[in-house]
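Novice: Take a look at this one; I'll ask things after.
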Amino acid sequence: MSDAVSVIKARLPGAAPKLGLILGSGLGGLVDEIENPTRFAYTDLPGFPHSTVSSHAAELVIGTLSGLDVAVLAGRVHAYETGLADAMATPLATLKGLGVESLILTNAAGSLHEDMGPGSLMLISDHINFSGRNPLIGVDGDGRFANMVDAYDPAWRAIAKQVAEAEAVELHEGVYGWFLGPSFETPAEIRMARTLGMDAVGMSTVPETILARYHGMRVLGISSITNLGAGMTGDALSHHETKDVGATIVPKLTRLIRALLADMAGR
Ligand code: HPA
């Protein structure tokens, strides 16, 4: 058992979450919905990274949501904080060690489509790793050659679309492009991203998807669109916008995720 799993099991011997969630910038509000929460600060979990981003809490919360046992990582550490793509390797290994089989990843992202504006939700169909980094660099064994076909589980995506429709939540779908950051993209980079087939861009999620696939978890990714990409409007981009618009999307995202979990609980 890894050190972090031992610490968690010492306080919660019966913890057996099958579902994990990672909450992105400004999206941490969902954590308040968890029933019977037990909170672990990342600083108390051996090997966990320390987040330096203002909109990110840094705790693992275990409890129930819509009738399912869940482990929620409220606060991710981004590759741009250290330059290391494997910043989330220990949290992901810990979820795996707790028995998590399915993982929902959320993030804040910039849209490359005018008709998918701020406040929209985008289901991630696939990703483009535009960072040149990979969290499996340095990992030994053949598992590092992780298959990335259908990385975002097609069957789960189909369910997500049905659930969104039933909840009357508009859910776009598209390709998420990972830029390392932390500076935002230039307008030229956004034009390039569109040409290369990206529908939204952001600074997270992809390394976690790769780690989750390495561990054999199925993945669902949802982007909360906080802005149009650089140069698509006359406005400058800022992290304030990411946080503020992110927060306004939380009720809609919460409704969708709750309904998704209720659907899972019923299966
Ligand atoms: N670019 C990259 N990351 C982001 C953006 C963006 O426009 N918006 C929110 N996160």
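Labels used: A, B, ... for chains in the order of the structure tokens, numbers from 1 for residues in each chain, and numbers from 1 for ligands as shown.
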Check which residues of chain A sit at most 9 Å from ligand 1 using only C-alpha atoms and all ligand atoms, and return one row each with the closest pair of atoms and their distance in Å to one decimal, ordered by chain and rising number, as CSV.

Specialist:
```
residue,atom,partner,partner_atom_place_in_ligand_line,distance
A:Ser25,CA,ligand 1,10 (N),7.9
A:Asn107,CA,ligand 1,10 (N),7.6
A:Ala108,CA,ligand 1,9 (C),4.6
A:Ala109,CA,ligand 1,9 (C),3.7
A:Gly110,CA,ligand 1,7 (O),3.5
A:Ser111,CA,ligand 1,7 (O),6.8
A:Leu112,CA,ligand 1,7 (O),8.7
A:Gly177,CA,ligand 1,2 (C),8.8
A:Trp178,CA,ligand 1,2 (C),7.9
A:Phe179,CA,ligand 1,2 (C),6.7
A:Leu180,CA,ligand 1,2 (C),8.5
A:Gly181,CA,ligand 1,2 (C),7.0
A:Pro182,CA,ligand 1,3 (N),8.0
A:Ser183,CA,ligand 1,2 (C),8.0
A:Phe184,CA,ligand 1,1 (N),5.2
A:Glu185,CA,ligand 1,1 (N),6.0
A:Ile190,CA,ligand 1,7 (O),8.7
A:Ala200,CA,ligand 1,7 (O),7.9
A:Val201,CA,ligand 1,2 (C),5.1
A:Gly202,CA,ligand 1,3 (N),3.4
A:Met203,CA,ligand 1,3 (N),5.0
A:Ser204,CA,ligand 1,3 (N),8.0
A:Ser224,CA,ligand 1,9 (C),8.2
A:Ile225,CA,ligand 1,8 (N),6.9
A:Thr226,CA,ligand 1,8 (N),5.6
A:Asn227,CA,ligand 1,8 (N),5.7
A:Leu228,CA,ligand 1,7 (O),6.3
A:Gly229,CA,ligand 1,7 (O),4.6
A:Ala230,CA,ligand 1,7 (O),6.1
A:Leu237,CA,ligand 1,7 (O),7.0
A:Ser238,CA,ligand 1,8 (N),8.2
A:His239,CA,ligand 1,9 (C),7.4
A:Glu241,CA,ligand 1,8 (N),8.1
A:Thr242,CA,ligand 1,9 (C),5.3
A:Lys243,CA,ligand 1,9 (C),8.6
A:Gly246,CA,ligand 1,9 (C),8.6
```

Novice: List the spatial neighbours of Ala188 (chain A) as a PyMOL selection string - criterion: any atom at most 9 Å away, only C-alpha atoms, same-chain residues fewer than 4 positions off excluded.

Specialist: chain A and resi 192-193+230-231

Novice: Those residues with C-alpha atoms, as a PDB file, in the first residue's frame please?

Specialist:
```
ATOM      1  CA  MET A 192      -2.942  27.389 -35.496  1.00  0.00           C
ATOM      2  CA  ALA A 193      -4.818  25.359 -32.847  1.00  0.00           C
ATOM      3  CA  ALA A 230      -6.863  34.748 -27.513  1.00  0.00           C
ATOM      4  CA  GLY A 231      -7.522  37.204 -30.303  1.00  0.00           C
TER       5      GLY A 231
END
```

Novice: Once DSSP has gone over the backbone, tell me which residues of region 41-129 of chain A are in helix (DSSP H, G or I), as a ChimeraX atom specification.

Specialist: /A:42-44,79-82,89-98

Novice: Write a file of the selected residues as an mmCIF file, in the first residue's frame, keeping C-alpha atoms.

Specialist:
```cif
data_model
loop_
_atom_site.group_PDB
_atom_site.id
_atom_site.type_symbol
_atom_site.label_atom_id
_atom_site.label_comp_id
_atom_site.auth_asym_id
_atom_site.auth_seq_id
_atom_site.Cartn_x
_atom_site.Cartn_y
_atom_site.Cartn_z
ATOM 1 C CA TYR A 42 -2.509 17.430 0.193
ATOM 2 C CA THR A 43 0.121 18.514 2.727
ATOM 3 C CA ASP A 44 -0.905 15.529 4.908
ATOM 4 C CA ALA A 79 2.752 20.987 -15.273
ATOM 5 C CA TYR A 80 3.320 24.738 -15.634
ATOM 6 C CA GLU A 81 3.931 25.047 -11.890
ATOM 7 C CA THR A 82 7.140 22.996 -11.976
ATOM 8 C CA ALA A 89 1.289 11.044 -10.656
ATOM 9 C CA THR A 90 0.939 10.358 -6.908
ATOM 10 C CA PRO A 91 -2.684 11.592 -6.646
ATOM 11 C CA LEU A 92 -3.640 9.391 -9.618
ATOM 12 C CA ALA A 93 -1.770 6.384 -8.205
ATOM 13 C CA THR A 94 -3.544 7.015 -4.890
ATOM 14 C CA LEU A 95 -6.963 6.990 -6.540
ATOM 15 C CA LYS A 96 -6.002 3.734 -8.196
ATOM 16 C CA GLY A 97 -4.776 2.384 -4.859
ATOM 17 C CA LEU A 98 -8.146 3.239 -3.287
#
```

Novice: Where in region 2-232 of chain A does DSSP assign strand (DSSP E or B), given as a ChimeraX atom specification?

Specialist: /A:19-23,35-41,59-65,68-74,102-111,121-129,152,171-178,200-202,218-228

Novice: To one decimal place in Å, what is the distance between CA of Leu60 (chain A) and CA of Lys252 (chain A)?

Specialist: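 CA of Lys252 (chain A) lies 22.5 Å from CA of Leu60 (chain A).
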
Novice: Have a look at CA of Ser131 (chain A) and CA of Ala151 (chain A) and let me know their distance in Å, one decimal.

Specialist: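 Computing it gives 17.6 Å between the two atoms.
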
Novice: Of the candidates A:Gly99, A:Pro187, A:Gly141, A:Gly20, which one gets nearest to Leu68 (chain A) if we count only C-alpha atoms?

Specialist: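 The closest residue to Leu68 (chain A) is A:Gly20.
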
Novice: Considering only C-alpha atoms, can you say which of A:Thr233, A:Thr254, A:Ser102, A:Thr205 comes closest to Val219 (chain A)?

Specialist: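 Comparing A:Thr233, A:Thr254, A:Ser102, A:Thr205 against Val219 (chain A), the winner is A:Ser102.
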
Novice: Record the distance separating CA of Asp115 (chain A) and CA of Thr186 (chain A), expressed in Å with one decimal.

Specialist: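 Distance reported for this atom pair: 20.5 Å.
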
Novice: Pick the closest to Met116 (chain A) from A:Pro154, A:Gly174, A:Gly143, A:Gly216: which is it, counting only C-alpha atoms?

Specialist: A:Gly174

Novice: Please list as a PyMOL selection string every residue within 6 Å of Pro17 (chain A), counting only C-alpha atoms and excluding residues in the same chain fewer than 5 positions away.

Specialist: chain A and resi 69-71+100

Novice: Here is a test: counting only C-alpha atoms, which residue of A:Glu101, A:Asp235, A:Glu208, A:Glu167 is nearest to Arg255 (chain A)?

Specialist: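 Ranking A:Glu101, A:Asp235, A:Glu208, A:Glu167 by distance to Arg255 (chain A), first place goes to A:Glu167.
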
Novice: Skip Ala4 (chain A) itself and residues of its chain fewer than 3 positions away, then list as a PDB file with N, CA, C and O atoms, in the first residue's frame all residues within 7 Å of it, counting only C-alpha atoms.

Specialist:
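Writing done, so here's around-v1.pdb:
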```
ATOM      1  N   VAL A   7      -2.318   6.390   4.801  1.00  0.00           N
ATOM      2  CA  VAL A   7      -2.816   7.511   5.622  1.00  0.00           C
ATOM      3  C   VAL A   7      -4.344   7.592   5.504  1.00  0.00           C
ATOM      4  O   VAL A   7      -5.055   7.764   6.497  1.00  0.00           O
ATOM      5  N   ILE A   8      -4.834   7.437   4.304  1.00  0.00           N
ATOM      6  CA  ILE A   8      -6.287   7.530   4.073  1.00  0.00           C
ATOM      7  C   ILE A   8      -7.005   6.361   4.739  1.00  0.00           C
ATOM      8  O   ILE A   8      -8.003   6.544   5.445  1.00  0.00           O
ATOM      9  N   LEU A  45      -0.698  14.248   2.861  1.00  0.00           N
ATOM     10  CA  LEU A  45      -0.635  13.005   2.083  1.00  0.00           C
ATOM     11  C   LEU A  45       0.751  12.877   1.445  1.00  0.00           C
ATOM     12  O   LEU A  45       1.112  13.674   0.558  1.00  0.00           O
ATOM     13  N   PRO A  46       1.529  11.889   1.887  1.00  0.00           N
ATOM     14  CA  PRO A  46       2.906  11.748   1.382  1.00  0.00           C
ATOM     15  C   PRO A  46       2.947  11.647  -0.140  1.00  0.00           C
ATOM     16  O   PRO A  46       2.166  10.911  -0.738  1.00  0.00           O
ATOM     17  N   THR A  94      -2.797   7.168  -6.148  1.00  0.00           N
ATOM     18  CA  THR A  94      -3.544   7.015  -4.890  1.00  0.00           C
ATOM     19  C   THR A  94      -4.999   6.670  -5.180  1.00  0.00           C
ATOM     20  O   THR A  94      -5.581   5.792  -4.526  1.00  0.00           O
TER      21      THR A  94
END
```

Novice: Looking at only C-alpha atoms, which of A:Ile34, A:Ala74, A:Val169, A:Ile62 is the one that sits closest to Pro251 (chain A)?

Specialist: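 When distances to Pro251 (chain A) are compared using only C-alpha atoms, the smallest one comes from A:Val169.
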